[in-house]
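Asks: File follows, coords-v2.pdb with PDB, C-alpha atoms:
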```
MODEL        1
ATOM      1  CA  ARG M 160     -81.272  55.961 -59.389  1.00  0.00           C
ATOM      2  CA  LYS M 161     -83.553  55.338 -62.365  1.00  0.00           C
ATOM      3  CA  GLU M 162     -85.623  58.407 -63.152  1.00  0.00           C
ATOM      4  CA  VAL M 163     -88.293  59.568 -65.535  1.00  0.00           C
ATOM      5  CA  GLU M 164     -88.435  63.326 -65.999  1.00  0.00           C
ATOM      6  CA  GLN M 165     -91.313  65.435 -67.285  1.00  0.00           C
ATOM      7  CA  ASP M 166     -92.147  69.122 -67.513  1.00  0.00           C
ATOM      8  CA  PRO M 167     -94.834  69.538 -64.811  1.00  0.00           C
ATOM      9  CA  GLY M 168     -96.670  72.257 -66.774  1.00  0.00           C
ATOM     10  CA  PRO M 169     -99.441  73.275 -66.595  1.00  0.00           C
ATOM     11  CA  PHE M 170    -100.072  73.448 -70.294  1.00  0.00           C
ATOM     12  CA  ASN M 171    -103.090  75.708 -70.836  1.00  0.00           C
ATOM     13  CA  VAL M 172    -104.537  75.254 -74.320  1.00  0.00           C
ATOM     14  CA  PRO M 173    -107.821  76.158 -76.036  1.00  0.00           C
ATOM     15  CA  GLU M 174    -110.197  73.480 -77.234  1.00  0.00           C
ATOM     16  CA  GLY M 175    -109.159  72.164 -80.613  1.00  0.00           C
ATOM     17  CA  ALA M 176    -105.470  72.862 -80.119  1.00  0.00           C
ATOM     18  CA  THR M 177    -102.670  70.380 -80.645  1.00  0.00           C
ATOM     19  CA  VAL M 178    -100.385  69.872 -77.668  1.00  0.00           C
ATOM     20  CA  ALA M 179     -97.240  67.815 -77.202  1.00  0.00           C
ATOM     21  CA  PHE M 180     -95.605  66.451 -74.059  1.00  0.00           C
ATOM     22  CA  ASN M 181     -92.134  65.021 -73.735  1.00  0.00           C
ATOM     23  CA  CYS M 182     -90.292  62.978 -71.210  1.00  0.00           C
ATOM     24  CA  THR M 183     -86.809  61.554 -70.770  1.00  0.00           C
ATOM     25  CA  TYR M 184     -85.812  58.370 -68.990  1.00  0.00           C
ATOM     26  CA  SER M 185     -82.465  57.431 -67.520  1.00  0.00           C
ATOM     27  CA  ASN M 186     -82.597  53.621 -67.501  1.00  0.00           C
ATOM     28  CA  SER M 187     -81.228  52.457 -70.858  1.00  0.00           C
ATOM     29  CA  ALA M 188     -82.362  48.904 -70.021  1.00  0.00           C
ATOM     30  CA  SER M 189     -86.051  49.898 -70.018  1.00  0.00           C
ATOM     31  CA  GLN M 190     -88.038  47.937 -72.575  1.00  0.00           C
ATOM     32  CA  SER M 191     -91.643  49.009 -72.075  1.00  0.00           C
ATOM     33  CA  PHE M 192     -93.009  52.512 -72.131  1.00  0.00           C
ATOM     34  CA  PHE M 193     -96.444  53.925 -71.482  1.00  0.00           C
ATOM     35  CA  TRP M 194     -98.488  57.045 -71.130  1.00  0.00           C
ATOM     36  CA  TYR M 195    -100.985  56.991 -68.289  1.00  0.00           C
ATOM     37  CA  ARG M 196    -103.609  59.586 -67.557  1.00  0.00           C
ATOM     38  CA  GLN M 197    -104.442  60.602 -63.997  1.00  0.00           C
ATOM     39  CA  ASP M 198    -107.389  62.735 -62.974  1.00  0.00           C
ATOM     40  CA  CYS M 199    -107.235  64.632 -59.696  1.00  0.00           C
ATOM     41  CA  ARG M 200    -107.013  62.205 -56.750  1.00  0.00           C
ATOM     42  CA  LYS M 201    -107.849  59.218 -58.950  1.00  0.00           C
ATOM     43  CA  GLU M 202    -105.873  56.185 -60.033  1.00  0.00           C
ATOM     44  CA  PRO M 203    -103.564  56.257 -63.072  1.00  0.00           C
ATOM     45  CA  LYS M 204    -105.288  54.866 -66.145  1.00  0.00           C
ATOM     46  CA  LEU M 205    -103.384  53.393 -69.071  1.00  0.00           C
ATOM     47  CA  LEU M 206    -103.727  55.659 -72.076  1.00  0.00           C
ATOM     48  CA  MET M 207    -101.400  53.878 -74.472  1.00  0.00           C
ATOM     49  CA  SER M 208     -98.226  51.881 -74.809  1.00  0.00           C
ATOM     50  CA  VAL M 209     -95.346  53.453 -76.710  1.00  0.00           C
ATOM     51  CA  TYR M 210     -93.452  51.582 -79.415  1.00  0.00           C
ATOM     52  CA  SER M 211     -90.265  52.411 -81.277  1.00  0.00           C
ATOM     53  CA  SER M 212     -92.156  52.616 -84.548  1.00  0.00           C
ATOM     54  CA  GLY M 213     -94.543  55.165 -83.072  1.00  0.00           C
ATOM     55  CA  ASN M 214     -98.206  54.439 -82.551  1.00  0.00           C
ATOM     56  CA  GLU M 215    -101.475  56.251 -82.855  1.00  0.00           C
ATOM     57  CA  ASP M 216    -104.809  55.829 -81.112  1.00  0.00           C
ATOM     58  CA  GLY M 217    -107.393  58.257 -82.406  1.00  0.00           C
ATOM     59  CA  ARG M 218    -106.283  61.768 -81.499  1.00  0.00           C
ATOM     60  CA  PHE M 219    -103.255  60.498 -79.557  1.00  0.00           C
ATOM     61  CA  THR M 220     -99.846  59.735 -81.033  1.00  0.00           C
ATOM     62  CA  ALA M 221     -96.899  58.405 -79.053  1.00  0.00           C
ATOM     63  CA  GLN M 222     -93.264  58.230 -80.137  1.00  0.00           C
ATOM     64  CA  LEU M 223     -90.191  56.625 -78.623  1.00  0.00           C
ATOM     65  CA  ASN M 224     -86.596  57.565 -79.398  1.00  0.00           C
ATOM     66  CA  ARG M 225     -84.380  54.947 -77.771  1.00  0.00           C
ATOM     67  CA  ALA M 226     -81.133  56.608 -78.801  1.00  0.00           C
ATOM     68  CA  SER M 227     -82.074  59.826 -77.010  1.00  0.00           C
ATOM     69  CA  GLN M 228     -84.112  58.040 -74.284  1.00  0.00           C
ATOM     70  CA  TYR M 229     -86.998  60.317 -75.064  1.00  0.00           C
ATOM     71  CA  ILE M 230     -90.751  59.696 -75.266  1.00  0.00           C
ATOM     72  CA  SER M 231     -93.438  62.002 -76.593  1.00  0.00           C
ATOM     73  CA  LEU M 232     -97.210  62.247 -76.627  1.00  0.00           C
ATOM     74  CA  LEU M 233     -99.144  64.361 -79.116  1.00  0.00           C
ATOM     75  CA  ILE M 234    -102.810  65.189 -78.584  1.00  0.00           C
ATOM     76  CA  ARG M 235    -104.684  66.601 -81.561  1.00  0.00           C
ATOM     77  CA  ASP M 236    -108.004  68.469 -81.440  1.00  0.00           C
ATOM     78  CA  SER M 237    -107.938  68.817 -77.641  1.00  0.00           C
ATOM     79  CA  LYS M 238    -111.234  68.318 -75.792  1.00  0.00           C
ATOM     80  CA  LEU M 239    -112.226  69.724 -72.422  1.00  0.00           C
ATOM     81  CA  SER M 240    -112.274  66.130 -71.194  1.00  0.00           C
ATOM     82  CA  ASP M 241    -108.558  65.771 -71.994  1.00  0.00           C
ATOM     83  CA  SER M 242    -107.779  67.982 -68.979  1.00  0.00           C
ATOM     84  CA  ALA M 243    -105.756  65.750 -66.660  1.00  0.00           C
ATOM     85  CA  THR M 244    -102.204  64.920 -65.652  1.00  0.00           C
ATOM     86  CA  TYR M 245    -100.304  62.781 -68.141  1.00  0.00           C
ATOM     87  CA  LEU M 246     -97.778  60.384 -66.656  1.00  0.00           C
ATOM     88  CA  CYS M 247     -94.807  59.062 -68.587  1.00  0.00           C
ATOM     89  CA  VAL M 248     -94.010  55.560 -67.354  1.00  0.00           C
ATOM     90  CA  CYS M 249     -91.188  53.072 -68.028  1.00  0.00           C
ATOM     91  CA  ASP M 250     -90.440  49.617 -66.801  1.00  0.00           C
ATOM     92  CA  ASN M 251     -87.354  49.318 -64.654  1.00  0.00           C
ATOM     93  CA  ALA M 252     -85.999  46.214 -66.396  1.00  0.00           C
ATOM     94  CA  GLY M 253     -88.059  44.113 -64.054  1.00  0.00           C
ATOM     95  CA  ASN M 254     -91.599  43.755 -62.940  1.00  0.00           C
ATOM     96  CA  MET M 255     -92.098  47.309 -61.741  1.00  0.00           C
ATOM     97  CA  LEU M 256     -92.970  50.631 -63.306  1.00  0.00           C
ATOM     98  CA  THR M 257     -91.170  53.930 -62.794  1.00  0.00           C
ATOM     99  CA  PHE M 258     -93.409  56.970 -63.071  1.00  0.00           C
ATOM    100  CA  GLY M 259     -92.576  60.494 -64.072  1.00  0.00           C
ATOM    101  CA  GLY M 260     -93.991  63.321 -62.039  1.00  0.00           C
ATOM    102  CA  GLY M 261     -96.617  64.054 -64.672  1.00  0.00           C
ATOM    103  CA  THR M 262     -97.494  66.939 -66.968  1.00  0.00           C
ATOM    104  CA  ARG M 263    -100.691  68.782 -66.205  1.00  0.00           C
ATOM    105  CA  LEU M 264    -102.921  69.719 -69.133  1.00  0.00           C
ATOM    106  CA  MET M 265    -105.789  72.180 -68.873  1.00  0.00           C
ATOM    107  CA  VAL M 266    -107.990  72.553 -71.926  1.00  0.00           C
ATOM    108  CA  LYS M 267    -110.082  75.730 -71.887  1.00  0.00           C
ATOM    109  CA  PRO M 268    -113.278  76.457 -73.820  1.00  0.00           C
TER     110      PRO M 268
ATOM    111  CA  GLU L   8    -114.655  45.367 -67.983  1.00  0.00           C
ATOM    112  CA  PRO L   9    -112.938  43.551 -65.104  1.00  0.00           C
ATOM    113  CA  GLU L  10    -111.509  45.818 -62.469  1.00  0.00           C
ATOM    114  CA  VAL L  11    -109.304  45.842 -59.403  1.00  0.00           C
ATOM    115  CA  THR L  12    -111.266  46.839 -56.314  1.00  0.00           C
ATOM    116  CA  GLN L  13    -109.821  48.354 -53.156  1.00  0.00           C
ATOM    117  CA  THR L  14    -111.280  48.901 -49.720  1.00  0.00           C
ATOM    118  CA  PRO L  15    -111.647  51.121 -47.835  1.00  0.00           C
ATOM    119  CA  SER L  16    -111.574  54.149 -50.097  1.00  0.00           C
ATOM    120  CA  HIS L  17    -110.412  56.310 -47.199  1.00  0.00           C
ATOM    121  CA  GLN L  18    -108.854  55.311 -43.888  1.00  0.00           C
ATOM    122  CA  VAL L  19    -107.883  57.589 -41.049  1.00  0.00           C
ATOM    123  CA  THR L  20    -105.636  56.129 -38.381  1.00  0.00           C
ATOM    124  CA  GLN L  21    -103.608  57.308 -35.439  1.00  0.00           C
ATOM    125  CA  MET L  22     -99.831  57.264 -35.606  1.00  0.00           C
ATOM    126  CA  GLY L  23     -98.466  53.972 -34.335  1.00  0.00           C
ATOM    127  CA  GLN L  24    -101.577  51.979 -35.217  1.00  0.00           C
ATOM    128  CA  GLU L  25    -101.634  49.058 -37.606  1.00  0.00           C
ATOM    129  CA  VAL L  26    -103.629  49.316 -40.833  1.00  0.00           C
ATOM    130  CA  ILE L  27    -104.585  46.746 -43.422  1.00  0.00           C
ATOM    131  CA  LEU L  28    -105.453  47.867 -46.917  1.00  0.00           C
ATOM    132  CA  ARG L  29    -107.407  45.399 -48.994  1.00  0.00           C
ATOM    133  CA  CYS L  30    -107.465  44.686 -52.700  1.00  0.00           C
ATOM    134  CA  VAL L  31    -109.332  42.233 -54.883  1.00  0.00           C
ATOM    135  CA  PRO L  32    -107.295  41.752 -58.064  1.00  0.00           C
ATOM    136  CA  ILE L  33    -108.807  40.761 -61.402  1.00  0.00           C
ATOM    137  CA  SER L  34    -109.764  37.109 -61.073  1.00  0.00           C
ATOM    138  CA  ASN L  35    -107.461  35.362 -63.539  1.00  0.00           C
ATOM    139  CA  HIS L  36    -104.447  37.565 -62.808  1.00  0.00           C
ATOM    140  CA  LEU L  37    -101.363  36.086 -61.202  1.00  0.00           C
ATOM    141  CA  TYR L  38     -99.155  39.087 -60.426  1.00  0.00           C
ATOM    142  CA  PHE L  39    -100.056  41.705 -57.855  1.00  0.00           C
ATOM    143  CA  TYR L  40     -98.567  45.037 -56.943  1.00  0.00           C
ATOM    144  CA  TRP L  41     -98.786  47.879 -54.471  1.00  0.00           C
ATOM    145  CA  TYR L  42     -97.830  51.440 -55.329  1.00  0.00           C
ATOM    146  CA  ARG L  43     -98.251  54.611 -53.347  1.00  0.00           C
ATOM    147  CA  GLN L  44     -98.534  58.316 -54.171  1.00  0.00           C
ATOM    148  CA  ILE L  45     -97.900  60.957 -51.562  1.00  0.00           C
ATOM    149  CA  LEU L  46     -99.980  64.049 -52.311  1.00  0.00           C
ATOM    150  CA  GLY L  47     -98.324  66.119 -55.037  1.00  0.00           C
ATOM    151  CA  GLN L  48     -95.578  63.561 -55.655  1.00  0.00           C
ATOM    152  CA  LYS L  49     -94.820  60.739 -58.081  1.00  0.00           C
ATOM    153  CA  VAL L  50     -96.425  57.328 -58.031  1.00  0.00           C
ATOM    154  CA  GLU L  51     -93.869  54.995 -56.381  1.00  0.00           C
ATOM    155  CA  PHE L  52     -93.481  51.238 -56.536  1.00  0.00           C
ATOM    156  CA  LEU L  53     -93.691  49.378 -53.231  1.00  0.00           C
ATOM    157  CA  VAL L  54     -93.843  45.649 -53.927  1.00  0.00           C
ATOM    158  CA  SER L  55     -94.731  42.945 -56.437  1.00  0.00           C
ATOM    159  CA  PHE L  56     -96.084  39.527 -55.479  1.00  0.00           C
ATOM    160  CA  TYR L  57     -96.316  36.255 -57.359  1.00  0.00           C
ATOM    161  CA  ASN L  58     -96.922  32.663 -56.380  1.00  0.00           C
ATOM    162  CA  ASN L  59     -97.455  33.624 -52.745  1.00  0.00           C
ATOM    163  CA  GLU L  60     -94.194  35.426 -52.325  1.00  0.00           C
ATOM    164  CA  ILE L  61     -92.649  38.826 -52.861  1.00  0.00           C
ATOM    165  CA  SER L  62     -90.849  39.015 -56.202  1.00  0.00           C
ATOM    166  CA  GLU L  63     -89.524  42.581 -55.928  1.00  0.00           C
ATOM    167  CA  LYS L  64     -89.677  45.348 -53.382  1.00  0.00           C
ATOM    168  CA  SER L  65     -88.450  48.910 -53.164  1.00  0.00           C
ATOM    169  CA  GLU L  66     -86.452  50.571 -50.422  1.00  0.00           C
ATOM    170  CA  ILE L  67     -89.720  52.125 -49.189  1.00  0.00           C
ATOM    171  CA  PHE L  68     -91.038  48.644 -48.369  1.00  0.00           C
ATOM    172  CA  ASP L  69     -89.238  48.196 -45.063  1.00  0.00           C
ATOM    173  CA  ASP L  70     -89.983  45.927 -42.101  1.00  0.00           C
ATOM    174  CA  GLN L  71     -93.089  47.947 -41.247  1.00  0.00           C
ATOM    175  CA  PHE L  72     -94.766  46.722 -44.427  1.00  0.00           C
ATOM    176  CA  SER L  73     -95.993  43.268 -45.311  1.00  0.00           C
ATOM    177  CA  VAL L  74     -98.221  41.760 -47.972  1.00  0.00           C
ATOM    178  CA  GLU L  75    -100.361  38.689 -47.962  1.00  0.00           C
ATOM    179  CA  ARG L  76    -102.777  36.801 -50.115  1.00  0.00           C
ATOM    180  CA  PRO L  77    -104.871  35.238 -47.350  1.00  0.00           C
ATOM    181  CA  ASP L  78    -107.341  33.522 -49.678  1.00  0.00           C
ATOM    182  CA  GLY L  79    -107.978  33.095 -53.371  1.00  0.00           C
ATOM    183  CA  SER L  80    -109.276  36.593 -53.936  1.00  0.00           C
ATOM    184  CA  ASN L  81    -107.825  39.163 -51.538  1.00  0.00           C
ATOM    185  CA  PHE L  82    -104.393  40.784 -51.575  1.00  0.00           C
ATOM    186  CA  THR L  83    -103.559  42.893 -48.545  1.00  0.00           C
ATOM    187  CA  LEU L  84    -100.964  45.457 -47.542  1.00  0.00           C
ATOM    188  CA  LYS L  85    -100.298  45.801 -43.832  1.00  0.00           C
ATOM    189  CA  ILE L  86     -98.459  48.681 -42.217  1.00  0.00           C
ATOM    190  CA  ARG L  87     -97.530  47.626 -38.697  1.00  0.00           C
ATOM    191  CA  SER L  88     -96.953  50.921 -36.959  1.00  0.00           C
ATOM    192  CA  THR L  89     -98.036  53.854 -39.078  1.00  0.00           C
ATOM    193  CA  LYS L  90     -96.050  57.076 -39.273  1.00  0.00           C
ATOM    194  CA  LEU L  91     -97.242  60.494 -40.407  1.00  0.00           C
ATOM    195  CA  GLU L  92     -95.203  60.101 -43.593  1.00  0.00           C
ATOM    196  CA  ASP L  93     -97.186  56.986 -44.528  1.00  0.00           C
ATOM    197  CA  SER L  94    -100.096  59.279 -45.416  1.00  0.00           C
ATOM    198  CA  ALA L  95    -100.639  58.722 -49.136  1.00  0.00           C
ATOM    199  CA  MET L  96    -102.872  57.131 -51.753  1.00  0.00           C
ATOM    200  CA  TYR L  97    -102.143  53.428 -51.993  1.00  0.00           C
ATOM    201  CA  PHE L  98    -102.895  51.773 -55.314  1.00  0.00           C
ATOM    202  CA  CYS L  99    -103.161  48.055 -55.934  1.00  0.00           C
ATOM    203  CA  ALA L 100    -102.649  46.601 -59.410  1.00  0.00           C
ATOM    204  CA  SER L 101    -102.687  43.204 -61.049  1.00  0.00           C
ATOM    205  CA  SER L 102    -101.547  41.668 -64.318  1.00  0.00           C
ATOM    206  CA  PRO L 103    -102.098  38.294 -65.961  1.00  0.00           C
ATOM    207  CA  THR L 104     -98.431  37.700 -66.664  1.00  0.00           C
ATOM    208  CA  GLY L 105     -95.096  38.778 -65.304  1.00  0.00           C
ATOM    209  CA  GLY L 106     -93.280  41.671 -66.881  1.00  0.00           C
ATOM    210  CA  VAL L 107     -94.998  44.904 -67.654  1.00  0.00           C
ATOM    211  CA  ARG L 108     -95.104  44.757 -71.428  1.00  0.00           C
ATOM    212  CA  TYR L 109     -98.787  45.637 -71.585  1.00  0.00           C
ATOM    213  CA  GLY L 110     -98.966  47.880 -68.521  1.00  0.00           C
ATOM    214  CA  TYR L 111    -101.392  46.955 -65.813  1.00  0.00           C
ATOM    215  CA  THR L 112    -104.681  48.067 -64.298  1.00  0.00           C
ATOM    216  CA  PHE L 113    -104.791  49.976 -61.046  1.00  0.00           C
ATOM    217  CA  GLY L 114    -107.547  49.963 -58.473  1.00  0.00           C
ATOM    218  CA  SER L 115    -109.158  53.225 -57.446  1.00  0.00           C
ATOM    219  CA  GLY L 116    -106.930  53.467 -54.393  1.00  0.00           C
ATOM    220  CA  THR L 117    -107.156  53.842 -50.635  1.00  0.00           C
ATOM    221  CA  ARG L 118    -106.410  57.245 -49.202  1.00  0.00           C
ATOM    222  CA  LEU L 119    -104.569  56.693 -45.926  1.00  0.00           C
ATOM    223  CA  THR L 120    -104.394  59.604 -43.521  1.00  0.00           C
ATOM    224  CA  VAL L 121    -102.205  59.169 -40.443  1.00  0.00           C
ATOM    225  CA  VAL L 122    -102.897  61.688 -37.674  1.00  0.00           C
TER     226      VAL L 122
ENDMDL
END
```
Give the structure from the file, written as structure tokens.
Replies:
Amino acid sequence: RKEVEQDPGPFNVPEGATVAFNCTYSNSASQSFFWYRQDCRKEPKLLMSVYSSGNEDGRFTAQLNRASQYISLLIRDSKLSDSATYLCVCDNAGNMLTFGGGTRLMVKP
Amino acid sequence: EPEVTQTPSHQVTQMGQEVILRCVPISNHLYFYWYRQILGQKVEFLVSFYNNEISEKSEIFDDQFSVERPDGSNFTLKIRSTKLEDSAMYFCASSPTGGVRYGYTFGSGTRLTVV
């Protein structure tokens, strides 16, 4: 069974902190990787794709290590509005996505 | 920004009843998907649909489930005889091309409660 594993958290951090999430995936054939954000009882929203070379979008940086089958997300200068569940997502060598269970982030004032 | 719309936002049904969940994908998209999320659990793939037929389905998508694109805009998920364990959020998604290289956009979901 192809799995994506994440630490469920919660990560409780003060505003302005830097926080990092990791995930591991079991399907070595996966080619596409993403971080999605999900607010309570809402739909997942695409935060960013993850590339082998690493990529950055504002305060967010994502890294992929194919050899270790490991993906990370770094959030700098955390805002209250960053409080959400962050979902690590991989393709399953087809047309479907496999989701991790999510890591919950709570940013406190 | 174009979006995927789903109706109803919340549906309550009695066990054994049929339900139809409706989705309007983004207009120029060709690939359509249903996922579900049981409360407190992972988002799970159900089915993908292209060119008026199912392209992939998971083991969850058994004979009780069916999908249809009855006209040029709607994409529906039917559950023939609902069970208590079908209670979940059901998310529709669409993408312009096959493969998931760029991720895809989800609708806001239908919360199905089976009583």
Asks: Please identify every residue of chain M that has at least one atom no farther than 7 Å from an atom of chain L, counting all atoms listed in the file, and for each give the shortest atom pair and the distance in Å to one decimal, arranged by chain then increasing number, as a Markdown table.
Replies:
```
| residue | atom | partner | partner_atom | distance |
| --- | --- | --- | --- | --- |
| M:Ser191 | CA | L:Arg108 | CA | 5.5 |
| M:Lys201 | CA | L:Ser115 | CA | 6.3 |
| M:Glu202 | CA | L:Ser115 | CA | 5.1 |
| M:Pro203 | CA | L:Phe113 | CA | 6.7 |
| M:Asp250 | CA | L:Val107 | CA | 6.6 |
| M:Gly253 | CA | L:Gly106 | CA | 6.4 |
| M:Asn254 | CA | L:Gly106 | CA | 4.8 |
| M:Met255 | CA | L:Phe52 | CA | 6.7 |
| M:Leu256 | CA | L:Phe52 | CA | 6.8 |
| M:Phe258 | CA | L:Val50 | CA | 5.9 |
| M:Gly259 | CA | L:Lys49 | CA | 6.4 |
| M:Gly260 | CA | L:Lys49 | CA | 4.8 |
```
Asks: Go through the shown structure with the PyMOL selection byres ((chain M and resi 176-181) around 9) and write out the matching residues as a list in words.
Replies: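 Evaluating the PyMOL selection byres ((chain M and resi 176-181) around 9) on this file yields Glu164, Gln165, Asp166, Phe170, Val172, Pro173, Glu174, Gly175, Cys182, Thr183, Tyr229, Ile230, Ser231, Leu232, Leu233, Ile234, Arg235, Asp236, Ser237, Lys238, Tyr245, Cys247, Thr262, Leu264 and Val266 of chain M.
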Asks: Could you tell me how far atom CA of L:Phe82 sits from atom CA of L:Gln21, in Å to one decimal place?
Replies: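 Calculated distance between atom CA of L:Gln21 and atom CA of L:Phe82 is 23.1 Å.
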Asks: Suppose you want the space between atom CA of L:Asn58 and atom CA of L:Gln71; what is it in Å?
Replies: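 These atoms are spaced 21.8 Å apart.
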Asks: So, counting only C-alpha atoms, which residue among L:Thr120, L:Thr12, L:Ser73, L:Asn81 is closest to L:Asp93?
Replies: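 Closest candidate: L:Thr120.
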Asks: Please return stretch 86-104 of chain L, rebuilt to N, CA, C and O atoms, as a PDB file, keeping the file's coordinate frame.
Replies:
```
ATOM      1  N   ILE L  86     -99.492  47.796 -42.769  1.00  0.00           N
ATOM      2  CA  ILE L  86     -98.459  48.681 -42.217  1.00  0.00           C
ATOM      3  C   ILE L  86     -98.550  48.513 -40.716  1.00  0.00           C
ATOM      4  O   ILE L  86     -99.598  48.797 -40.105  1.00  0.00           O
ATOM      5  N   ARG L  87     -97.478  48.046 -40.117  1.00  0.00           N
ATOM      6  CA  ARG L  87     -97.530  47.626 -38.697  1.00  0.00           C
ATOM      7  C   ARG L  87     -97.690  48.779 -37.732  1.00  0.00           C
ATOM      8  O   ARG L  87     -98.507  48.737 -36.839  1.00  0.00           O
ATOM      9  N   SER L  88     -96.931  49.801 -37.889  1.00  0.00           N
ATOM     10  CA  SER L  88     -96.953  50.921 -36.959  1.00  0.00           C
ATOM     11  C   SER L  88     -96.850  52.186 -37.795  1.00  0.00           C
ATOM     12  O   SER L  88     -95.754  52.603 -38.177  1.00  0.00           O
ATOM     13  N   THR L  89     -98.002  52.771 -38.103  1.00  0.00           N
ATOM     14  CA  THR L  89     -98.036  53.854 -39.078  1.00  0.00           C
ATOM     15  C   THR L  89     -97.320  55.106 -38.582  1.00  0.00           C
ATOM     16  O   THR L  89     -97.338  55.433 -37.375  1.00  0.00           O
ATOM     17  N   LYS L  90     -96.702  55.798 -39.537  1.00  0.00           N
ATOM     18  CA  LYS L  90     -96.050  57.076 -39.273  1.00  0.00           C
ATOM     19  C   LYS L  90     -96.801  58.152 -40.057  1.00  0.00           C
ATOM     20  O   LYS L  90     -97.514  57.843 -41.027  1.00  0.00           O
ATOM     21  N   LEU L  91     -96.589  59.403 -39.685  1.00  0.00           N
ATOM     22  CA  LEU L  91     -97.242  60.494 -40.407  1.00  0.00           C
ATOM     23  C   LEU L  91     -96.898  60.450 -41.891  1.00  0.00           C
ATOM     24  O   LEU L  91     -97.756  60.701 -42.744  1.00  0.00           O
ATOM     25  N   GLU L  92     -95.646  60.107 -42.194  1.00  0.00           N
ATOM     26  CA  GLU L  92     -95.203  60.101 -43.593  1.00  0.00           C
ATOM     27  C   GLU L  92     -95.748  58.932 -44.412  1.00  0.00           C
ATOM     28  O   GLU L  92     -95.494  58.854 -45.614  1.00  0.00           O
ATOM     29  N   ASP L  93     -96.501  58.047 -43.785  1.00  0.00           N
ATOM     30  CA  ASP L  93     -97.186  56.986 -44.528  1.00  0.00           C
ATOM     31  C   ASP L  93     -98.483  57.488 -45.157  1.00  0.00           C
ATOM     32  O   ASP L  93     -99.122  56.767 -45.932  1.00  0.00           O
ATOM     33  N   SER L  94     -98.887  58.709 -44.820  1.00  0.00           N
ATOM     34  CA  SER L  94    -100.096  59.279 -45.416  1.00  0.00           C
ATOM     35  C   SER L  94     -99.905  59.405 -46.917  1.00  0.00           C
ATOM     36  O   SER L  94     -98.951  60.047 -47.384  1.00  0.00           O
ATOM     37  N   ALA L  95    -100.784  58.781 -47.683  1.00  0.00           N
ATOM     38  CA  ALA L  95    -100.639  58.722 -49.136  1.00  0.00           C
ATOM     39  C   ALA L  95    -101.850  58.006 -49.719  1.00  0.00           C
ATOM     40  O   ALA L  95    -102.669  57.437 -48.981  1.00  0.00           O
ATOM     41  N   MET L  96    -101.949  58.032 -51.050  1.00  0.00           N
ATOM     42  CA  MET L  96    -102.872  57.131 -51.753  1.00  0.00           C
ATOM     43  C   MET L  96    -102.110  55.845 -52.022  1.00  0.00           C
ATOM     44  O   MET L  96    -100.971  55.881 -52.484  1.00  0.00           O
ATOM     45  N   TYR L  97    -102.739  54.729 -51.727  1.00  0.00           N
ATOM     46  CA  TYR L  97    -102.143  53.428 -51.993  1.00  0.00           C
ATOM     47  C   TYR L  97    -102.951  52.749 -53.097  1.00  0.00           C
ATOM     48  O   TYR L  97    -104.159  52.575 -52.979  1.00  0.00           O
ATOM     49  N   PHE L  98    -102.244  52.398 -54.171  1.00  0.00           N
ATOM     50  CA  PHE L  98    -102.895  51.773 -55.314  1.00  0.00           C
ATOM     51  C   PHE L  98    -102.452  50.322 -55.436  1.00  0.00           C
ATOM     52  O   PHE L  98    -101.262  50.025 -55.390  1.00  0.00           O
ATOM     53  N   CYS L  99    -103.416  49.456 -55.639  1.00  0.00           N
ATOM     54  CA  CYS L  99    -103.161  48.055 -55.934  1.00  0.00           C
ATOM     55  C   CYS L  99    -103.284  47.862 -57.445  1.00  0.00           C
ATOM     56  O   CYS L  99    -104.060  48.577 -58.101  1.00  0.00           O
ATOM     57  N   ALA L 100    -102.545  46.918 -57.985  1.00  0.00           N
ATOM     58  CA  ALA L 100    -102.649  46.601 -59.410  1.00  0.00           C
ATOM     59  C   ALA L 100    -102.454  45.106 -59.587  1.00  0.00           C
ATOM     60  O   ALA L 100    -101.883  44.432 -58.723  1.00  0.00           O
ATOM     61  N   SER L 101    -102.926  44.610 -60.742  1.00  0.00           N
ATOM     62  CA  SER L 101    -102.687  43.204 -61.049  1.00  0.00           C
ATOM     63  C   SER L 101    -102.434  43.055 -62.541  1.00  0.00           C
ATOM     64  O   SER L 101    -102.823  43.908 -63.340  1.00  0.00           O
ATOM     65  N   SER L 102    -101.771  41.966 -62.903  1.00  0.00           N
ATOM     66  CA  SER L 102    -101.547  41.668 -64.318  1.00  0.00           C
ATOM     67  C   SER L 102    -101.589  40.160 -64.519  1.00  0.00           C
ATOM     68  O   SER L 102    -101.280  39.392 -63.596  1.00  0.00           O
ATOM     69  N   PRO L 103    -101.967  39.733 -65.724  1.00  0.00           N
ATOM     70  CA  PRO L 103    -102.098  38.294 -65.961  1.00  0.00           C
ATOM     71  C   PRO L 103    -100.763  37.580 -66.060  1.00  0.00           C
ATOM     72  O   PRO L 103    -100.670  36.388 -65.771  1.00  0.00           O
ATOM     73  N   THR L 104     -99.746  38.308 -66.481  1.00  0.00           N
ATOM     74  CA  THR L 104     -98.431  37.700 -66.664  1.00  0.00           C
ATOM     75  C   THR L 104     -97.378  38.558 -65.996  1.00  0.00           C
ATOM     76  O   THR L 104     -97.617  39.722 -65.661  1.00  0.00           O
TER      77      THR L 104
END
```
